[in-house]
$ cat final_38.txt   # compact mmCIF, C-alpha atoms (C1' of nucleotides)
# COMPACT_ATOMS: atom_id res chain seq x y z
CA MET A 84 -15.43 -7.78 -12.39
CA ASN A 85 -12.96 -7.71 -15.24
CA THR A 86 -9.61 -9.29 -15.97
CA LYS A 87 -7.45 -6.28 -15.15
CA ASN A 88 -4.94 -7.18 -12.52
CA TYR A 89 -5.32 -5.39 -9.25
CA SER A 90 -4.09 -6.94 -6.03
CA LEU A 91 -6.49 -9.32 -4.33
CA ASP A 92 -6.45 -7.14 -1.24
CA ASN A 93 -7.46 -4.12 -3.27
CA GLU A 94 -10.23 -6.07 -4.93
CA GLN A 95 -11.52 -7.31 -1.60
CA LEU A 96 -11.44 -3.86 -0.03
CA ALA A 97 -13.19 -2.41 -3.07
CA ARG A 98 -15.84 -5.12 -2.82
CA PHE A 99 -16.55 -4.29 0.81
CA ALA A 100 -16.57 -0.57 0.05
CA LYS A 101 -18.89 -1.03 -2.89
CA ALA A 102 -21.34 -2.98 -0.75
CA MET A 103 -21.31 -0.08 1.71
CA GLY A 104 -21.73 2.46 -1.08
CA HIS A 105 -25.44 3.09 -0.69
CA PRO A 106 -27.21 4.83 2.22
CA ALA A 107 -29.86 2.09 2.41
CA ARG A 108 -27.18 -0.54 2.85
CA ILE A 109 -25.33 1.52 5.46
CA THR A 110 -28.64 1.88 7.31
CA ILE A 111 -29.26 -1.85 7.11
CA LEU A 112 -25.81 -2.68 8.47
CA GLN A 113 -26.12 -0.24 11.36
CA PHE A 114 -29.60 -1.46 12.19
CA LEU A 115 -28.62 -5.11 12.02
CA ALA A 116 -25.52 -4.57 14.08
CA SER A 117 -27.36 -2.63 16.76
CA LEU A 118 -29.87 -5.43 17.26
CA ASP A 119 -27.62 -8.42 16.69
CA CYS A 120 -30.46 -10.03 14.85
CA CYS A 121 -33.82 -9.33 13.27
CA TYR A 122 -36.28 -10.21 10.53
CA PHE A 123 -36.75 -8.92 7.02
CA GLY A 124 -39.89 -7.05 8.04
CA ASP A 125 -38.04 -5.09 10.72
CA ILE A 126 -35.44 -4.02 8.18
CA HIS A 127 -38.11 -3.09 5.65
CA ASN A 128 -39.79 -0.90 8.29
CA GLU A 129 -36.59 1.07 8.75
CA LEU A 130 -36.31 1.97 5.09
CA PRO A 131 -38.29 4.23 2.74
CA ILE A 132 -38.18 1.76 -0.15
CA ALA A 133 -40.23 -1.13 -1.53
CA LYS A 134 -39.70 -4.63 -0.19
CA ALA A 135 -38.43 -5.88 -3.53
CA THR A 136 -35.71 -3.26 -3.36
CA VAL A 137 -34.87 -4.09 0.25
CA SER A 138 -34.52 -7.71 -0.78
CA GLN A 139 -32.08 -6.71 -3.50
CA HIS A 140 -29.94 -4.67 -1.12
CA LEU A 141 -29.87 -7.56 1.32
CA LYS A 142 -28.73 -9.85 -1.47
CA GLU A 143 -25.86 -7.53 -2.30
CA LEU A 144 -24.76 -7.38 1.32
CA LYS A 145 -24.98 -11.14 1.50
CA ASP A 146 -22.97 -11.54 -1.71
CA ALA A 147 -20.30 -9.24 -0.31
CA GLY A 148 -20.25 -11.44 2.78
CA LEU A 149 -21.17 -8.73 5.27
CA ILE A 150 -24.43 -10.31 6.40
CA GLN A 151 -26.02 -13.71 6.49
CA GLY A 152 -29.59 -14.95 6.47
CA GLU A 153 -31.48 -17.88 7.85
CA ILE A 154 -34.98 -19.03 7.00
CA GLU A 155 -37.25 -19.36 10.00
CA THR A 156 -40.46 -20.01 8.21
CA PRO A 157 -42.40 -17.95 7.41
CA LYS A 158 -39.86 -15.28 8.25
CA VAL A 159 -36.25 -14.69 7.33
CA LYS A 160 -33.77 -13.79 9.99
CA TYR A 161 -30.77 -11.67 9.11
CA CYS A 162 -27.62 -10.85 11.00
CA ILE A 163 -24.09 -9.57 10.56
CA ASN A 164 -21.57 -12.09 9.31
CA GLN A 165 -19.16 -11.62 12.17
CA ALA A 166 -16.06 -13.16 10.62
CA ASN A 167 -16.26 -11.04 7.50
CA TRP A 168 -17.29 -8.00 9.49
CA GLU A 169 -14.05 -8.28 11.43
CA LEU A 170 -12.19 -8.79 8.19
CA ALA A 171 -13.70 -5.65 6.69
CA LYS A 172 -12.83 -3.75 9.85
CA VAL A 173 -9.21 -4.85 9.51
CA TYR A 174 -9.08 -3.96 5.83
CA PHE A 175 -10.43 -0.46 6.37
CA ASN A 176 -8.27 0.11 9.42
CA GLU A 177 -5.16 -0.91 7.55
CA PHE A 178 -6.14 1.20 4.61
CA PHE A 179 -6.58 4.35 6.66
CA ASN A 180 -3.91 3.80 9.28
CA SER A 181 -1.02 2.53 7.19
CA ILE A 182 -0.87 5.95 5.66
CA HIS A 183 1.01 8.81 7.24
CA LEU A 184 0.50 12.03 5.44
CA LYS A 185 3.43 14.39 5.60
CA GLU A 186 2.81 17.55 3.68
CA VAL A 187 0.10 19.25 1.75
CA CYS A 188 1.22 19.41 -1.85
CA CYS A 189 -1.81 20.71 -3.68
CA THR A 190 -3.24 23.99 -2.51
CA THR A 191 -6.01 24.26 -5.05
CA VAL A 192 -9.11 22.14 -5.08
CA ASP A 193 -10.33 22.95 -8.58
CA MET B 273 -28.94 10.72 -5.22
CA ASN B 274 -32.66 10.62 -4.64
CA THR B 275 -35.06 12.27 -2.24
CA LYS B 276 -35.43 9.35 0.16
CA ASN B 277 -34.51 10.43 3.64
CA TYR B 278 -31.48 8.78 5.08
CA SER B 279 -29.42 10.49 7.74
CA LEU B 280 -26.79 12.87 6.48
CA ASP B 281 -24.10 10.83 8.21
CA ASN B 282 -25.21 7.71 6.42
CA GLU B 283 -25.26 9.51 3.11
CA GLN B 284 -21.78 10.86 3.69
CA LEU B 285 -20.38 7.51 4.71
CA ALA B 286 -22.04 5.87 1.70
CA ARG B 287 -20.52 8.55 -0.54
CA PHE B 288 -17.02 7.84 0.76
CA ALA B 289 -17.57 4.09 0.50
CA LYS B 290 -18.90 4.37 -3.03
CA ALA B 291 -15.85 6.35 -4.10
CA MET B 292 -13.69 3.56 -2.68
CA GLY B 293 -15.81 0.91 -4.39
CA HIS B 294 -13.51 0.19 -7.33
CA PRO B 295 -10.06 -1.45 -7.25
CA ALA B 296 -8.59 1.22 -9.54
CA ARG B 297 -9.68 3.93 -7.12
CA ILE B 298 -8.35 2.03 -4.11
CA THR B 299 -5.05 1.68 -5.96
CA ILE B 300 -4.98 5.38 -6.75
CA LEU B 301 -5.65 6.34 -3.13
CA GLN B 302 -2.96 4.03 -1.79
CA PHE B 303 -0.47 5.20 -4.37
CA LEU B 304 -1.21 8.86 -3.78
CA ALA B 305 -1.06 8.48 -0.04
CA SER B 306 2.24 6.62 -0.14
CA LEU B 307 3.89 9.39 -2.13
CA ASP B 308 2.16 12.40 -0.65
CA CYS B 309 2.04 13.85 -4.11
CA CYS B 310 2.48 13.02 -7.77
CA TYR B 311 1.41 13.71 -11.32
CA PHE B 312 -1.33 12.26 -13.48
CA GLY B 313 1.21 10.34 -15.56
CA ASP B 314 2.58 8.55 -12.50
CA ILE B 315 -0.90 7.44 -11.55
CA HIS B 316 -1.65 6.34 -15.09
CA ASN B 317 1.52 4.21 -15.07
CA GLU B 318 0.27 2.34 -12.02
CA LEU B 319 -2.96 1.32 -13.67
CA PRO B 320 -3.88 -1.09 -16.47
CA ILE B 321 -6.45 1.25 -17.99
CA ALA B 322 -6.63 4.04 -20.56
CA LYS B 323 -5.83 7.60 -19.55
CA ALA B 324 -9.37 8.75 -20.24
CA THR B 325 -10.61 6.20 -17.72
CA VAL B 326 -7.98 7.20 -15.17
CA SER B 327 -9.10 10.79 -15.56
CA GLN B 328 -12.69 9.74 -14.87
CA HIS B 329 -11.74 7.85 -11.72
CA LEU B 330 -9.74 10.84 -10.49
CA LYS B 331 -12.77 13.04 -11.06
CA GLU B 332 -14.92 10.75 -8.94
CA LEU B 333 -12.40 10.75 -6.12
CA LYS B 334 -12.23 14.53 -6.37
CA ASP B 335 -16.03 14.83 -6.33
CA ALA B 336 -16.15 12.65 -3.23
CA GLY B 337 -13.61 14.99 -1.66
CA LEU B 338 -10.94 12.36 -1.07
CA ILE B 339 -8.31 13.91 -3.33
CA GLN B 340 -7.49 17.28 -4.80
CA GLY B 341 -5.68 18.43 -7.91
CA GLU B 342 -3.61 21.37 -8.95
CA ILE B 343 -2.51 22.37 -12.42
CA GLU B 344 1.22 22.76 -12.84
CA THR B 345 1.38 23.25 -16.55
CA PRO B 346 1.72 21.12 -18.54
CA LYS B 347 1.20 18.56 -15.81
CA VAL B 348 -1.46 18.04 -13.18
CA LYS B 349 -0.47 17.34 -9.62
CA TYR B 350 -2.73 15.24 -7.42
CA CYS B 351 -2.74 14.59 -3.70
CA ILE B 352 -4.92 13.36 -0.88
CA ASN B 353 -7.39 15.88 0.54
CA GLN B 354 -6.17 15.58 4.09
CA ALA B 355 -9.14 17.12 5.87
CA ASN B 356 -11.65 14.86 4.18
CA TRP B 357 -9.34 11.89 4.45
CA GLU B 358 -9.36 12.31 8.23
CA LEU B 359 -13.11 12.73 8.11
CA ALA B 360 -13.54 9.49 6.20
CA LYS B 361 -11.24 7.75 8.65
CA VAL B 362 -13.42 8.91 11.51
CA TYR B 363 -16.62 7.87 9.75
CA PHE B 364 -15.37 4.37 9.02
CA ASN B 365 -13.88 3.98 12.48
CA GLU B 366 -17.12 4.99 14.12
CA PHE B 367 -19.08 2.74 11.84
CA PHE B 368 -17.02 -0.32 12.66
CA ASN B 369 -16.19 0.39 16.28
CA SER B 370 -19.49 1.66 17.59
CA ILE B 371 -20.81 -1.80 17.10
CA HIS B 372 -20.39 -4.54 19.65
CA LEU B 373 -21.60 -7.87 18.43
CA LYS B 374 -22.91 -10.13 21.12
CA GLU B 375 -24.15 -13.38 19.73
CA VAL B 376 -24.32 -15.25 16.52
CA CYS B 377 -27.98 -15.51 15.59
CA CYS B 378 -27.91 -16.97 12.11
CA THR B 379 -26.11 -20.22 11.64
CA THR B 380 -26.86 -20.68 7.98
CA VAL B 381 -25.34 -18.64 5.20
CA ASP B 382 -27.65 -19.60 2.39
C1' DT C 211 -59.59 -25.70 0.70
C1' DT C 212 -59.16 -21.05 0.76
C1' DC C 213 -57.03 -17.14 2.79
C1' DG C 214 -53.41 -14.47 4.92
C1' DT C 215 -48.54 -13.62 6.03
C1' DA C 216 -43.61 -13.14 4.78
C1' DG C 217 -40.26 -12.68 1.41
C1' DT C 218 -38.15 -13.68 -3.03
C1' DT C 219 -37.99 -13.51 -7.88
C1' DC C 220 -39.40 -11.67 -12.44
C1' DG C 221 -39.85 -8.20 -15.84
C1' DC C 222 -39.21 -3.84 -16.87
C1' DA C 223 -37.44 1.06 -17.10
C1' DA C 224 -34.38 4.76 -16.05
C1' DA C 225 -30.09 6.17 -14.67
C1' DA C 226 -25.30 5.54 -13.45
C1' DT C 227 -20.85 3.21 -14.13
C1' DT C 228 -16.98 1.64 -16.65
C1' DA C 229 -14.23 1.82 -20.56
C1' DC C 230 -12.15 3.33 -24.87
C1' DG C 231 -10.42 6.11 -28.85
C1' DA C 232 -10.43 10.44 -30.90
C1' DA C 233 -10.47 15.20 -30.61
C1' DC C 234 -9.12 19.04 -28.18
C1' DA C 235 -6.50 22.62 -25.23
C1' DA C 236 -2.27 24.58 -23.38
C1' DT C 237 2.29 24.83 -23.04
C1' DT C 238 7.27 23.57 -24.43
C1' DT C 239 10.52 22.09 -27.49
C1' DT C 240 12.49 21.83 -32.01
C1' DA D 239 5.85 27.83 -37.19
C1' DA D 240 5.52 22.92 -36.56
C1' DA D 241 5.73 19.12 -33.51
C1' DA D 242 5.69 16.89 -29.12
C1' DT D 243 4.00 16.44 -24.30
C1' DT D 244 0.31 16.28 -20.76
C1' DG D 245 -4.26 15.69 -19.50
C1' DT D 246 -9.20 16.65 -20.07
C1' DT D 247 -13.45 16.32 -22.51
C1' DC D 248 -16.58 14.29 -25.97
C1' DG D 249 -19.10 10.69 -28.04
C1' DT D 250 -20.27 6.16 -27.81
C1' DA D 251 -21.15 1.43 -26.20
C1' DA D 252 -21.82 -2.23 -22.92
C1' DT D 253 -22.92 -3.37 -18.41
C1' DT D 254 -24.54 -2.63 -13.78
C1' DT D 255 -27.36 -0.43 -10.42
C1' DT D 256 -31.53 1.16 -8.46
C1' DG D 257 -36.27 0.90 -8.08
C1' DC D 258 -41.04 -0.64 -8.53
C1' DG D 259 -45.27 -3.55 -9.03
C1' DA D 260 -46.88 -7.92 -9.92
C1' DA D 261 -46.45 -12.67 -9.71
C1' DC D 262 -44.92 -16.34 -7.19
C1' DT D 263 -43.45 -19.70 -3.23
C1' DA D 264 -44.09 -21.67 1.22
C1' DC D 265 -46.16 -22.15 5.17
C1' DG D 266 -49.91 -21.76 8.87
C1' DA D 267 -54.64 -20.52 10.13
C1' DA D 268 -59.57 -20.30 9.35

$ encode --input "final_38.txt" --output "structure tokens"
Amino acid sequence: MNTKNYSLDNEQLARFAKAMGHPARITILQFLASLDCCYFGDIHNELPIAKATVSQHLKELKDAGLIQGEIETPKVKYCINQANWELAKVYFNEFFNSIHLKEVCCTTVD
Amino acid sequence: MNTKNYSLDNEQLARFAKAMGHPARITILQFLASLDCCYFGDIHNELPIAKATVSQHLKELKDAGLIQGEIETPKVKYCINQANWELAKVYFNEFFNSIHLKEVCCTTVD
DNA sequence: TTCGTAGTTCGCAAAATTACGAACAATTTT
DNA sequence: AAAATTGTTCGTAATTTTGCGAACTACGAA
């Protein structure tokens, strides 16, 4: 993204989080994961957006490594990328569980 | 964001994920959580970016509900919003754990 | 060969994100 | 009163994101 130095782990976690940062993409991931496997058209049917936009969201998920696609002419089959899915799961788990909150320090939420 | 209808849960999860979708914000959250509490200046020292930009990132985390701030003149104290932090934890856990992958369906990652 | 199906890519527009320096407030110190 | 400290807000710029329709590719069917 830029040349600022953040840890690689933080960059990877941010990349996963960013890919999940849109309701359409969350919906796609849940749908895909619940079926194990399906075609573009099935995904498009689940979403209230144009196919060009669905295609873009799928590309972003693919670039982030969370899903993978396979051409089965004339259709395109999509599924979860299991290895990276497990990786993301580990990253988020570590992120949330390595932290043990002790006290509330700020009382105001301005 | 727009008027498309996604489930409220998906919108909430996407909102949390989006807030986590930048390495600077991941760094802030980890730092804050490791200390329980600290001041703006401490956060700024951890990051390779200008204070105005840090302030913007803090605002986004606050808007997403993940942190909270309190003025302690002339400083500003920040900490994790514990209730929403737990909520996010639950959302991500459910998202990743409710899913049981069975088979690999796509072999190609084009 | 022409048509239909299934998706991707292109071109565009609007909006949001990221980043910075400068200006500004609010208090404390000198 | 003047100066220093601590952050936020403003104005601006560059880039990215989101979204759509239209054009395009690739294949199979009529």

$ interface_residues --input "final_38.txt" --of "chain B" --to "chain C" --cutoff "9 Å" --atoms "only C-alpha atoms (C1' of nucleotides)" --output "ChimeraX atom specification"
/B:321-322,324-325,345-346

$ interface_residues --input "final_38.txt" --of "chain A" --to "chain D" --cutoff "12 Å" --atoms "all atoms listed in the file" --output "VMD selection string"
chain A and resid 84 to 85 101 to 102 104 to 105 107 131 to 140 143 154 to 158

$ atom_distance --input "final_38.txt" --atom1 "atom CA of Ser279 of chain B" --atom2 "atom CA of Glu153 of chain A"
28.4 Å

$ atom_distance --input "final_38.txt" --atom1 "atom CA of Ser306 of chain B" --atom2 "atom CA of Asn369 of chain B"
25.5 Å

$ interface_residues --input "final_38.txt" --of "chain B" --to "chain A" --cutoff "6 Å" --atoms "all atoms listed in the file" --output "MDAnalysis selection string"
chainID B and resid 282:283 286 289:290 292:295 340:342 378 380:381

$ atom_distance --input "final_38.txt" --atom1 "atom CA of Ile126 of chain A" --atom2 "atom CA of Phe114 of chain A"
7.5 Å

$ decode --input "final_38.txt" --residues "chain D" --atoms "C-alpha atoms (C1' of nucleotides)" --output "PDB file, in the first residue's frame"
ATOM      1  C1'  DA D 239       1.196  38.503  29.183  1.00  0.00           C
ATOM      2  C1'  DA D 240       3.843  35.563  26.191  1.00  0.00           C
ATOM      3  C1'  DA D 241       5.249  31.034  25.028  1.00  0.00           C
ATOM      4  C1'  DA D 242       4.986  26.115  25.046  1.00  0.00           C
ATOM      5  C1'  DT D 243       2.318  21.737  25.053  1.00  0.00           C
ATOM      6  C1'  DT D 244      -1.415  18.668  23.360  1.00  0.00           C
ATOM      7  C1'  DG D 245      -4.611  17.402  20.051  1.00  0.00           C
ATOM      8  C1'  DT D 246      -8.350  18.498  16.810  1.00  0.00           C
ATOM      9  C1'  DT D 247     -10.099  20.568  12.722  1.00  0.00           C
ATOM     10  C1'  DC D 248      -9.643  22.671   8.116  1.00  0.00           C
ATOM     11  C1'  DG D 249      -8.299  22.773   3.445  1.00  0.00           C
ATOM     12  C1'  DT D 250      -6.314  20.387  -0.057  1.00  0.00           C
ATOM     13  C1'  DA D 251      -4.522  16.693  -3.043  1.00  0.00           C
ATOM     14  C1'  DA D 252      -3.892  12.055  -4.688  1.00  0.00           C
ATOM     15  C1'  DT D 253      -5.605   7.601  -4.760  1.00  0.00           C
ATOM     16  C1'  DT D 254      -8.908   3.968  -4.044  1.00  0.00           C
ATOM     17  C1'  DT D 255     -13.473   2.188  -3.738  1.00  0.00           C
ATOM     18  C1'  DT D 256     -18.037   1.362  -5.235  1.00  0.00           C
ATOM     19  C1'  DG D 257     -21.234   1.022  -8.748  1.00  0.00           C
ATOM     20  C1'  DC D 258     -23.314   0.785 -13.320  1.00  0.00           C
ATOM     21  C1'  DG D 259     -24.159  -0.091 -18.336  1.00  0.00           C
ATOM     22  C1'  DA D 260     -22.149  -1.422 -22.425  1.00  0.00           C
ATOM     23  C1'  DA D 261     -18.937  -3.935 -24.893  1.00  0.00           C
ATOM     24  C1'  DC D 262     -16.514  -7.970 -25.174  1.00  0.00           C
ATOM     25  C1'  DT D 263     -14.887 -13.104 -24.863  1.00  0.00           C
ATOM     26  C1'  DA D 264     -15.737 -17.933 -25.106  1.00  0.00           C
ATOM     27  C1'  DC D 265     -18.320 -21.554 -25.670  1.00  0.00           C
ATOM     28  C1'  DG D 266     -22.500 -24.490 -27.027  1.00  0.00           C
ATOM     29  C1'  DA D 267     -26.962 -24.861 -29.365  1.00  0.00           C
ATOM     30  C1'  DA D 268     -30.149 -23.951 -33.102  1.00  0.00           C
TER      31       DA D 268
END
